[in-house]
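protein_22.txt (compact mmCIF, C-alpha atoms and all ligand atoms)
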```
# COMPACT_ATOMS: atom_id res chain seq x y z
CA MET A 1 0.00 0.00 0.00
CA PRO A 2 1.38 3.45 -0.81
CA VAL A 3 2.18 5.65 2.19
CA THR A 4 0.25 8.93 2.03
CA THR A 5 0.17 11.97 4.32
CA ARG A 6 -2.43 14.66 4.91
CA GLN A 7 -1.55 17.77 6.92
CA ILE A 8 -3.69 18.22 10.05
CA GLY A 9 -1.82 20.91 12.02
CA PRO A 10 -1.49 24.64 11.33
CA CYS A 11 2.01 24.58 9.80
CA PHE A 12 3.17 21.01 10.48
CA ALA A 13 1.80 17.60 11.64
CA ALA A 14 0.17 15.10 9.28
CA GLU A 15 -1.92 11.96 9.39
CA VAL A 16 -0.46 8.93 7.63
CA GLU A 17 -2.25 6.19 5.77
CA GLY A 18 -0.90 2.99 4.30
CA VAL A 19 1.34 1.82 7.16
CA ASN A 20 0.71 -1.44 9.01
CA MET A 21 3.11 -1.74 11.95
CA THR A 22 2.38 -5.43 12.51
CA LYS A 23 4.34 -6.17 9.30
CA PRO A 24 7.97 -5.48 8.39
CA LEU A 25 8.40 -2.24 6.41
CA SER A 26 9.67 -2.16 2.86
CA GLU A 27 12.56 0.14 1.97
CA GLU A 28 10.09 2.42 0.14
CA GLU A 29 7.93 2.67 3.24
CA VAL A 30 10.92 3.54 5.44
CA ASP A 31 11.93 6.26 2.96
CA ALA A 32 8.38 7.61 2.80
CA ILE A 33 8.17 7.84 6.60
CA HIS A 34 11.47 9.72 6.86
CA ALA A 35 10.38 12.03 4.03
CA GLY A 36 7.09 12.61 5.84
CA MET A 37 8.97 13.43 9.04
CA ASN A 38 11.24 15.87 7.22
CA GLU A 39 8.21 17.61 5.79
CA HIS A 40 5.74 17.53 8.70
CA ALA A 41 7.81 16.84 11.89
CA VAL A 42 4.82 15.08 13.55
CA LEU A 43 3.14 12.03 12.02
CA VAL A 44 -0.04 10.43 13.35
CA PHE A 45 -0.73 6.76 12.56
CA HIS A 46 -4.18 5.47 13.55
CA ASP A 47 -5.44 1.95 14.29
CA GLN A 48 -2.09 0.36 15.06
CA ASP A 49 -2.93 -2.71 17.12
CA ILE A 50 0.64 -3.53 18.10
CA ASP A 51 2.41 -5.06 21.08
CA ASP A 52 5.79 -4.06 22.54
CA GLU A 53 7.73 -6.31 20.19
CA GLN A 54 6.02 -4.87 17.12
CA GLN A 55 6.48 -1.29 18.31
CA LEU A 56 10.15 -1.96 18.88
CA ALA A 57 10.60 -3.65 15.48
CA PHE A 58 8.85 -0.74 13.72
CA THR A 59 11.05 1.75 15.58
CA GLN A 60 14.26 -0.14 14.83
CA SER A 61 13.43 -0.23 11.13
CA LEU A 62 13.79 3.59 11.23
CA GLY A 63 17.10 3.82 13.11
CA ASP A 64 19.01 3.10 16.31
CA ILE A 65 17.05 3.29 19.53
CA GLU A 66 17.80 5.27 22.65
CA HIS A 67 17.44 3.38 25.93
CA ALA A 68 15.62 4.87 28.90
CA ILE A 69 18.07 4.14 31.68
CA GLY A 70 18.10 6.29 34.78
CA THR A 71 15.96 9.04 33.27
CA SER A 72 13.02 8.72 35.68
CA LEU A 73 12.71 8.19 39.42
CA ARG A 74 11.80 4.52 38.97
CA ALA A 75 14.50 2.32 40.48
CA PRO A 76 15.70 -0.45 38.13
CA ASP A 77 13.65 -3.07 40.02
CA GLU A 78 10.54 -0.91 39.58
CA TYR A 79 10.56 -0.89 35.77
CA ARG A 80 7.32 -2.09 34.19
CA LEU A 81 8.81 -2.13 30.68
CA PRO A 82 12.24 -3.02 29.27
CA THR A 83 14.68 -0.11 28.92
CA SER A 84 14.04 -0.09 25.16
CA PHE A 85 10.86 1.77 26.21
CA ALA A 86 10.26 5.00 28.05
CA ASP A 87 7.34 4.25 30.33
CA VAL A 88 5.14 7.30 29.96
CA SER A 89 2.26 5.66 31.87
CA ASN A 90 1.08 6.49 35.38
CA LEU A 91 1.37 2.81 36.36
CA ASP A 92 3.69 0.91 38.68
CA LYS A 93 5.14 -2.45 37.70
CA HIS A 94 1.98 -4.24 38.86
CA ASN A 95 -0.10 -1.97 36.57
CA ASN A 96 -1.58 -0.09 39.52
CA VAL A 97 -2.12 3.65 39.13
CA TYR A 98 0.38 5.63 41.21
CA ALA A 99 -0.97 7.26 44.35
CA ARG A 100 -1.55 10.97 43.87
CA ASP A 101 1.47 11.94 45.97
CA ASP A 102 3.86 9.25 44.69
CA ARG A 103 7.12 11.05 43.90
CA ARG A 104 7.56 9.07 40.66
CA ARG A 105 4.19 10.46 39.51
CA LEU A 106 5.07 13.99 40.63
CA PHE A 107 8.35 13.82 38.74
CA ALA A 108 6.52 12.57 35.63
CA ILE A 109 4.14 15.53 35.83
CA GLY A 110 7.14 17.44 34.46
CA ASN A 111 5.93 16.15 31.05
CA ARG A 112 3.15 18.74 31.28
CA LEU A 113 5.74 21.45 30.66
CA TRP A 114 6.80 22.11 27.06
CA HIS A 115 9.90 20.07 26.32
CA SER A 116 11.94 18.12 23.79
CA ASP A 117 12.79 14.53 24.74
CA SER A 118 16.22 13.86 26.21
CA SER A 119 17.46 17.43 25.74
CA PHE A 120 19.02 16.72 29.15
CA LYS A 121 21.27 14.09 27.55
CA VAL A 122 24.53 14.90 25.75
CA ILE A 123 23.13 13.18 22.66
CA PRO A 124 19.50 14.20 22.61
CA ALA A 125 16.72 12.19 20.97
CA LYS A 126 15.87 12.23 17.28
CA TYR A 127 12.33 10.82 16.92
CA SER A 128 9.95 9.75 19.67
CA LEU A 129 7.18 7.23 18.95
CA LEU A 130 4.35 7.20 21.47
CA HIS A 131 1.68 4.48 21.35
CA ALA A 132 -1.61 4.66 23.23
CA ARG A 133 -2.53 1.36 24.93
CA SER A 134 -5.14 2.77 27.31
CA ILE A 135 -6.39 6.31 27.76
CA PRO A 136 -8.34 8.18 30.44
CA SER A 137 -12.03 9.09 30.06
CA LYS A 138 -11.14 12.73 29.43
CA GLY A 139 -8.09 14.99 29.12
CA GLY A 140 -4.61 13.63 28.48
CA ASN A 141 -4.10 15.20 25.06
CA THR A 142 -0.56 15.73 23.85
CA GLU A 143 0.27 19.09 22.28
CA PHE A 144 3.06 19.78 19.82
CA ALA A 145 4.66 23.09 18.84
CA ASP A 146 6.55 23.76 15.62
CA MET A 147 9.95 25.21 16.54
CA ARG A 148 10.83 25.88 12.91
CA ALA A 149 7.79 28.07 12.31
CA ALA A 150 8.49 29.74 15.67
CA TYR A 151 12.09 30.44 14.62
CA ASP A 152 10.98 31.80 11.24
CA ALA A 153 8.58 34.18 13.00
CA LEU A 154 11.31 35.79 15.16
CA ASP A 155 12.48 39.28 14.27
CA ALA A 156 15.98 39.71 12.83
CA ASP A 157 17.44 41.19 16.04
CA THR A 158 16.31 38.24 18.12
CA ARG A 159 17.60 35.76 15.54
CA ALA A 160 21.00 37.50 15.60
CA GLU A 161 21.03 37.55 19.41
CA ILE A 162 20.32 33.83 19.84
CA GLU A 163 22.44 32.48 16.99
CA GLY A 164 25.44 31.21 18.97
CA LEU A 165 23.86 30.80 22.41
CA ILE A 166 24.38 27.64 24.44
CA CYS A 167 21.91 26.54 27.11
CA GLU A 168 22.23 24.20 30.07
CA HIS A 169 19.54 21.50 30.31
CA SER A 170 18.68 19.32 33.28
CA GLN A 171 15.59 17.56 34.59
CA ILE A 172 16.34 19.34 37.88
CA PHE A 173 15.53 22.70 36.22
CA SER A 174 12.22 21.50 34.73
CA ARG A 175 11.05 19.97 38.02
CA GLN A 176 12.13 23.02 39.99
CA GLN A 177 9.59 25.05 38.01
CA LEU A 178 6.84 22.86 39.45
CA GLY A 179 8.19 23.03 42.99
CA PHE A 180 9.61 19.51 42.86
CA THR A 181 13.03 19.68 44.50
CA ASP A 182 13.02 16.40 46.38
CA PHE A 183 16.15 14.83 44.76
CA THR A 184 18.66 12.57 46.42
CA ASP A 185 22.39 13.26 46.02
CA GLU A 186 22.59 10.33 43.60
CA GLU A 187 19.77 11.80 41.48
CA ARG A 188 21.38 15.26 41.46
CA GLU A 189 24.57 13.69 40.15
CA ARG A 190 22.67 11.65 37.55
CA PHE A 191 20.71 14.73 36.37
CA LYS A 192 23.72 17.09 36.03
CA PRO A 193 23.20 19.76 33.34
CA VAL A 194 24.35 19.24 29.75
CA ARG A 195 24.90 21.86 27.05
CA GLN A 196 22.70 22.35 24.00
CA ARG A 197 22.59 24.95 21.26
CA LEU A 198 19.59 27.26 21.32
CA VAL A 199 19.39 27.28 17.51
CA ARG A 200 19.63 24.01 15.63
CA THR A 201 19.95 23.37 11.92
CA HIS A 202 18.05 20.33 10.73
CA PRO A 203 20.48 17.95 8.99
CA ALA A 204 17.96 16.85 6.35
CA THR A 205 16.28 20.13 5.47
CA GLY A 206 18.99 22.69 6.37
CA ARG A 207 16.29 24.76 8.12
CA LYS A 208 16.87 26.38 11.50
CA SER A 209 14.68 25.95 14.53
CA LEU A 210 14.58 26.96 18.16
CA TYR A 211 15.80 24.25 20.50
CA LEU A 212 13.93 24.93 23.70
CA ALA A 213 12.69 22.82 26.60
CA SER A 214 11.55 23.26 30.19
CA HIS A 215 14.85 21.52 30.99
CA ALA A 216 16.79 24.63 29.86
CA GLY A 217 17.74 26.50 33.03
CA GLY A 218 20.59 28.72 31.95
CA ILE A 219 22.47 30.32 29.07
CA LEU A 220 26.27 30.24 29.18
CA GLY A 221 27.65 33.68 30.06
CA TRP A 222 24.28 35.06 31.17
CA PRO A 223 23.04 35.78 34.70
CA VAL A 224 20.52 33.06 35.66
CA PRO A 225 17.40 35.22 36.19
CA GLU A 226 17.97 37.03 32.91
CA ALA A 227 18.51 33.75 31.06
CA ARG A 228 15.38 32.19 32.55
CA ALA A 229 13.23 35.23 31.78
CA PHE A 230 14.58 35.25 28.21
CA LEU A 231 13.96 31.51 27.72
CA ARG A 232 10.48 31.90 29.16
CA ASP A 233 9.72 34.64 26.61
CA LEU A 234 10.98 32.41 23.79
CA VAL A 235 8.80 29.50 24.96
CA GLU A 236 5.82 31.83 25.18
CA HIS A 237 6.46 33.01 21.63
CA ALA A 238 7.04 29.49 20.30
CA THR A 239 3.92 27.95 21.80
CA GLN A 240 1.34 30.42 20.53
CA ARG A 241 -1.68 28.57 19.17
CA GLN A 242 -0.74 29.22 15.54
CA PHE A 243 2.30 26.97 16.05
CA VAL A 244 0.47 24.20 17.98
CA TYR A 245 -1.17 20.92 17.01
CA ALA A 246 -3.15 19.24 19.84
CA HIS A 247 -3.53 15.47 19.57
CA LYS A 248 -6.61 13.88 21.11
CA TRP A 249 -5.74 10.21 21.59
CA THR A 250 -7.64 7.11 20.54
CA VAL A 251 -6.32 3.70 21.66
CA GLY A 252 -4.11 2.36 18.87
CA ASP A 253 -2.78 5.76 17.79
CA LEU A 254 0.96 6.03 17.38
CA VAL A 255 2.34 9.54 17.14
CA MET A 256 5.91 10.10 16.01
CA TRP A 257 7.65 13.46 16.39
CA ASP A 258 11.01 14.98 15.56
CA ASN A 259 12.49 16.31 18.80
CA ARG A 260 14.97 18.43 16.88
CA ARG A 261 12.22 20.58 15.44
CA THR A 262 9.30 20.39 17.89
CA MET A 263 8.39 20.66 21.54
CA HIS A 264 5.51 18.80 23.16
CA ARG A 265 3.64 18.58 26.43
CA ALA A 266 1.09 16.30 28.09
CA ARG A 267 -2.22 17.75 29.27
CA PRO A 268 -3.81 16.78 32.59
CA PHE A 269 -6.34 13.99 33.12
CA PRO A 270 -8.12 12.44 36.15
CA ALA A 271 -5.43 11.32 38.62
CA HIS A 272 -7.00 7.96 39.47
CA GLU A 273 -7.51 6.72 35.91
CA PRO A 274 -4.88 4.61 34.14
CA ARG A 275 -3.15 6.06 31.09
CA ASP A 276 -0.85 3.51 29.48
CA MET A 277 1.39 5.22 26.93
CA ARG A 278 4.60 3.58 25.76
CA ARG A 279 7.38 5.43 24.02
CA THR A 280 10.21 4.17 21.90
CA THR A 281 12.87 6.67 20.94
CA LEU A 282 15.41 7.01 18.16
CA MET A 283 18.84 8.23 19.17
CA GLY A 284 20.15 11.51 17.79
CA ASP A 285 23.21 11.69 15.51
CA GLY A 286 25.42 13.43 18.06
CA PRO A 287 25.72 16.30 20.55
CA THR A 288 24.53 19.76 19.44
CA VAL A 289 27.66 21.31 20.96
CA ALA A 290 30.88 20.21 22.72
CA GLN A 291 30.54 19.55 26.46
CA VAL A 292 32.97 20.76 29.12
C1 LIG B 301 6.67 11.67 26.00
C2 LIG B 301 5.77 12.71 26.52
C3 LIG B 301 3.45 13.35 26.63
C4 LIG B 301 2.19 12.66 26.97
O1 LIG B 301 6.21 10.57 25.71
O2 LIG B 301 7.86 11.97 25.82
O3 LIG B 301 6.20 13.77 26.88
O4 LIG B 301 1.12 13.22 26.63
N1 LIG B 301 4.48 12.40 26.48
O5 LIG B 301 2.24 11.59 27.59
MN MN B 302 8.32 13.93 26.24
```
Could you render the structure from this file as structure tokens?
Amino acid sequence: MPVTTRQIGPCFAAEVEGVNMTKPLSEEEVDAIHAGMNEHAVLVFHDQDIDDEQQLAFTQSLGDIEHAIGTSLRAPDEYRLPTSFADVSNLDKHNNVYARDDRRRLFAIGNRLWHSDSSFKVIPAKYSLLHARSIPSKGGNTEFADMRAAYDALDADTRAEIEGLICEHSQIFSRQQLGFTDFTDEERERFKPVRQRLVRTHPATGRKSLYLASHAGGILGWPVPEARAFLRDLVEHATQRQFVYAHKWTVGDLVMWDNRRTMHRARPFPAHEPRDMRRTTLMGDGPTVAQV
């Protein structure tokens, strides 16, 4: 079946038809998906009745995967899924919904802030693929913002000002914004800041985009309050509704996004209802900038 796309967002994001993730992909299908990602940055695939193995095989046919090791507050013996998955659910390893005040849940609420996956890692993520296994009765949308359109809409002075800037990203910064500061010494060490460029050039399209995330807590050479106020203004600019696609989930949807060119955030839903979302992630090509 030919792979076709139809734009559904304001300046990006498309729905895909003609892909069946229970079957191996042909070379043409792989090429069409990458081409669709280069054009639209977010692709929505409906009615994908797949298990973990099939999600992983589909993901691996597109590139090398990133493992989710030590990126949440789950201890290794608390993992519900193998480390080839980021567990984006609100479930413990026995599939029970976390208590409202469970610190692993409170940490995961950080996903409600605009971010780009793994910007807190030296090599940040390329694509993320999120599959809906069970969804709450209401709420729980995921929103995406087009950082290329947001970059294009900046005035020339701002573009010149941000061109060479380097930010520091850490999950400690994003959680701090929500008043979550309850980290152990081991976690503080594990979540040490990494450097990322504020402006990225997409390797396939040559287009520039803003590289922002709630994890960004500083700009090298800038006083912290000034950097945070500046980053906050950029996020506010970049997440205006004309740059946003909001995805309302149906079980079986798989949404794939390019973290190099988009931000996303989860929206709230009833705390006691299960939401089982499983993410596989493709590793990025390399760091955006040299580390110290
Ligand atoms: C993610 C993420 C948002 C959501 O999977 O990386 O941020 O709505 N998910 O669960
Ligand atoms: Mn995310």
Q: Within 10 Å of ligand LIG 301 (chain B), which residues show up when you count only C-alpha atoms and all ligand atoms? List them as a PyMOL selection string, please.
A: chain A and resi 85-90+108-118+128-132+139-144+247-249+255-257+259+263-269+275-281
Q: Would you mind telling me which residue in A:Gln240, A:Ser119, A:Thr205, A:Thr288 lies nearest to Asn38 (chain A) when using only C-alpha atoms?
A: A:Thr205
Q.
Ranking A:Arg197, A:Arg207, A:His215, A:Lys93 by minimum distance to ligand MN 302 (chain B) and counting only C-alpha atoms and all ligand atoms, which one comes first?
A.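 Answer, going by the shortest atom-to-atom distance: A:His215.
Residue nearest Cys167 (chain A) within the list A:Gln196, A:Ser137, A:Ser61, A:Thr201: A:Gln196 [criterion: smallest interatomic distance, all atoms listed in the file].
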Q. Which is closer to ligand MN 302 (chain B) than all the others in A:Ala68, A:Leu210, A:Ile172, A:Ala153, using only C-alpha atoms and all ligand atoms?
A.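 Nearest candidate to ligand MN 302 (chain B) out of A:Ala68, A:Leu210, A:Ile172, A:Ala153: A:Ala68.
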**Q.** All residues 7 Å or closer to Arg261 (chain A), only C-alpha atoms, same chain fewer than 4 positions away omitted, as a ChimeraX atom specification
**A.** /A:41,146-148,209
Next, the residues of the selection above should be written as a compact mmCIF listing (two decimals), keeping the file's coordinate frame with C-alpha atoms.
```
# COMPACT_ATOMS: atom_id res chain seq x y z
CA ALA A 41 7.81 16.84 11.89
CA ASP A 146 6.55 23.76 15.62
CA MET A 147 9.95 25.21 16.54
CA ARG A 148 10.83 25.88 12.91
CA SER A 209 14.68 25.95 14.53
```
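When only C-alpha atoms are used to compute distances to Leu81 (chain A), the closest of the residues A:His237, A:His40, A:His94, A:Lys126 turns out to be A:His94.
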Q.
For a quick check of understanding, using all atoms listed in the file, which of A:Val122, A:Ala99, A:Leu73, A:Leu165 has the smallest distance to Glu187 (chain A)?
A.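 Once distances to Glu187 (chain A) are computed over all atoms listed in the file, the minimum belongs to A:Leu73.
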Provide an axis-aligned box for all listed atoms of region 235-239 of chain A, padding each side by 8 Å; report its centre and its edge lengths in Å to one decimal, as AutoDock Vina command-line options.
```
--center_x 6.4 --center_y 30.5 --center_z 22.7 --size_x 20.9 --size_y 21.1 --size_z 20.9
```
Q: Using only C-alpha atoms, determine which residues lie at most 10 Å from region 189-191 of chain A, disregarding the query and same-chain residues fewer than 4 positions distant; provide the list as number ranges by chain.
A: A: 70-72, 120-121, 169-173, 183-185
(Q) What's around Arg74 (chain A) at 9 Å? Count all atoms listed in the file, leave out sequence neighbours fewer than 5 positions away in its own chain, and write the answer as a list in words. (A) Tyr79, Asp92 and Arg104 of chain A
For Tyr245 (chain A), work out the shell of residues within 8 Å, counting all atoms listed in the file and skipping chain neighbours fewer than 3 positions away, then give it as a PDB file with C-alpha atoms, keeping the file's coordinate frame.
```pdb
ATOM      1  CA  ILE A   8      -3.690  18.220  10.050  1.00  0.00           C
ATOM      2  CA  GLY A   9      -1.820  20.910  12.020  1.00  0.00           C
ATOM      3  CA  PRO A  10      -1.490  24.640  11.330  1.00  0.00           C
ATOM      4  CA  PHE A  12       3.170  21.010  10.480  1.00  0.00           C
ATOM      5  CA  ALA A  13       1.800  17.600  11.640  1.00  0.00           C
ATOM      6  CA  GLU A 143       0.270  19.090  22.280  1.00  0.00           C
ATOM      7  CA  PHE A 144       3.060  19.780  19.820  1.00  0.00           C
ATOM      8  CA  ALA A 145       4.660  23.090  18.840  1.00  0.00           C
ATOM      9  CA  ARG A 241      -1.680  28.570  19.170  1.00  0.00           C
TER      10      ARG A 241
END
```
Q: Extract, using only C-alpha atoms, all DNA, RNA and protein residues at most 8 Å from region 46-58 of chain A, discarding same-chain residues fewer than 5 positions from it, and format them as an MDAnalysis selection string.
A: chainID A and resid 16 20:22 24:25 84 250:254 280
For the selection you just gave me, I'd like the residues written to a file as a short mmCIF file (atom, residue, chain, number, x, y, z; two decimals), keeping the file's coordinate frame, keeping C-alpha atoms.
```
data_model
loop_
_atom_site.label_atom_id
_atom_site.label_comp_id
_atom_site.auth_asym_id
_atom_site.auth_seq_id
_atom_site.Cartn_x
_atom_site.Cartn_y
_atom_site.Cartn_z
CA VAL A 16 -0.46 8.93 7.63
CA ASN A 20 0.71 -1.44 9.01
CA MET A 21 3.11 -1.74 11.95
CA THR A 22 2.38 -5.43 12.51
CA PRO A 24 7.97 -5.48 8.39
CA LEU A 25 8.40 -2.24 6.41
CA SER A 84 14.04 -0.09 25.16
CA THR A 250 -7.64 7.11 20.54
CA VAL A 251 -6.32 3.70 21.66
CA GLY A 252 -4.11 2.36 18.87
CA ASP A 253 -2.78 5.76 17.79
CA LEU A 254 0.96 6.03 17.38
CA THR A 280 10.21 4.17 21.90
#
```
Q.
Please report the interatomic distance between CA of Arg232 (chain A) and CA of Leu106 (chain A) in Å with one decimal.
A. 21.9 Å
In the coordinates of the file, take the point (27.6, 33.7, 28.9) and a cut-off of 12 Å; then, counting all atoms listed in the file, name each qualifying protein, DNA or RNA residue as a compact mmCIF listing (two decimals) with C-alpha atoms, in the coordinates of the input.
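point18.txt, freshly written:
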```
# COMPACT_ATOMS: atom_id res chain seq x y z
CA ILE A 162 20.32 33.83 19.84
CA GLY A 164 25.44 31.21 18.97
CA LEU A 165 23.86 30.80 22.41
CA ILE A 166 24.38 27.64 24.44
CA CYS A 167 21.91 26.54 27.11
CA GLU A 168 22.23 24.20 30.07
CA GLY A 218 20.59 28.72 31.95
CA ILE A 219 22.47 30.32 29.07
CA LEU A 220 26.27 30.24 29.18
CA GLY A 221 27.65 33.68 30.06
CA TRP A 222 24.28 35.06 31.17
CA PRO A 223 23.04 35.78 34.70
CA VAL A 224 20.52 33.06 35.66
CA GLU A 226 17.97 37.03 32.91
CA ALA A 227 18.51 33.75 31.06
```
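In this model, the gap between CA of Val194 (chain A) and CA of Ala290 (chain A) comes to 9.6 Å.
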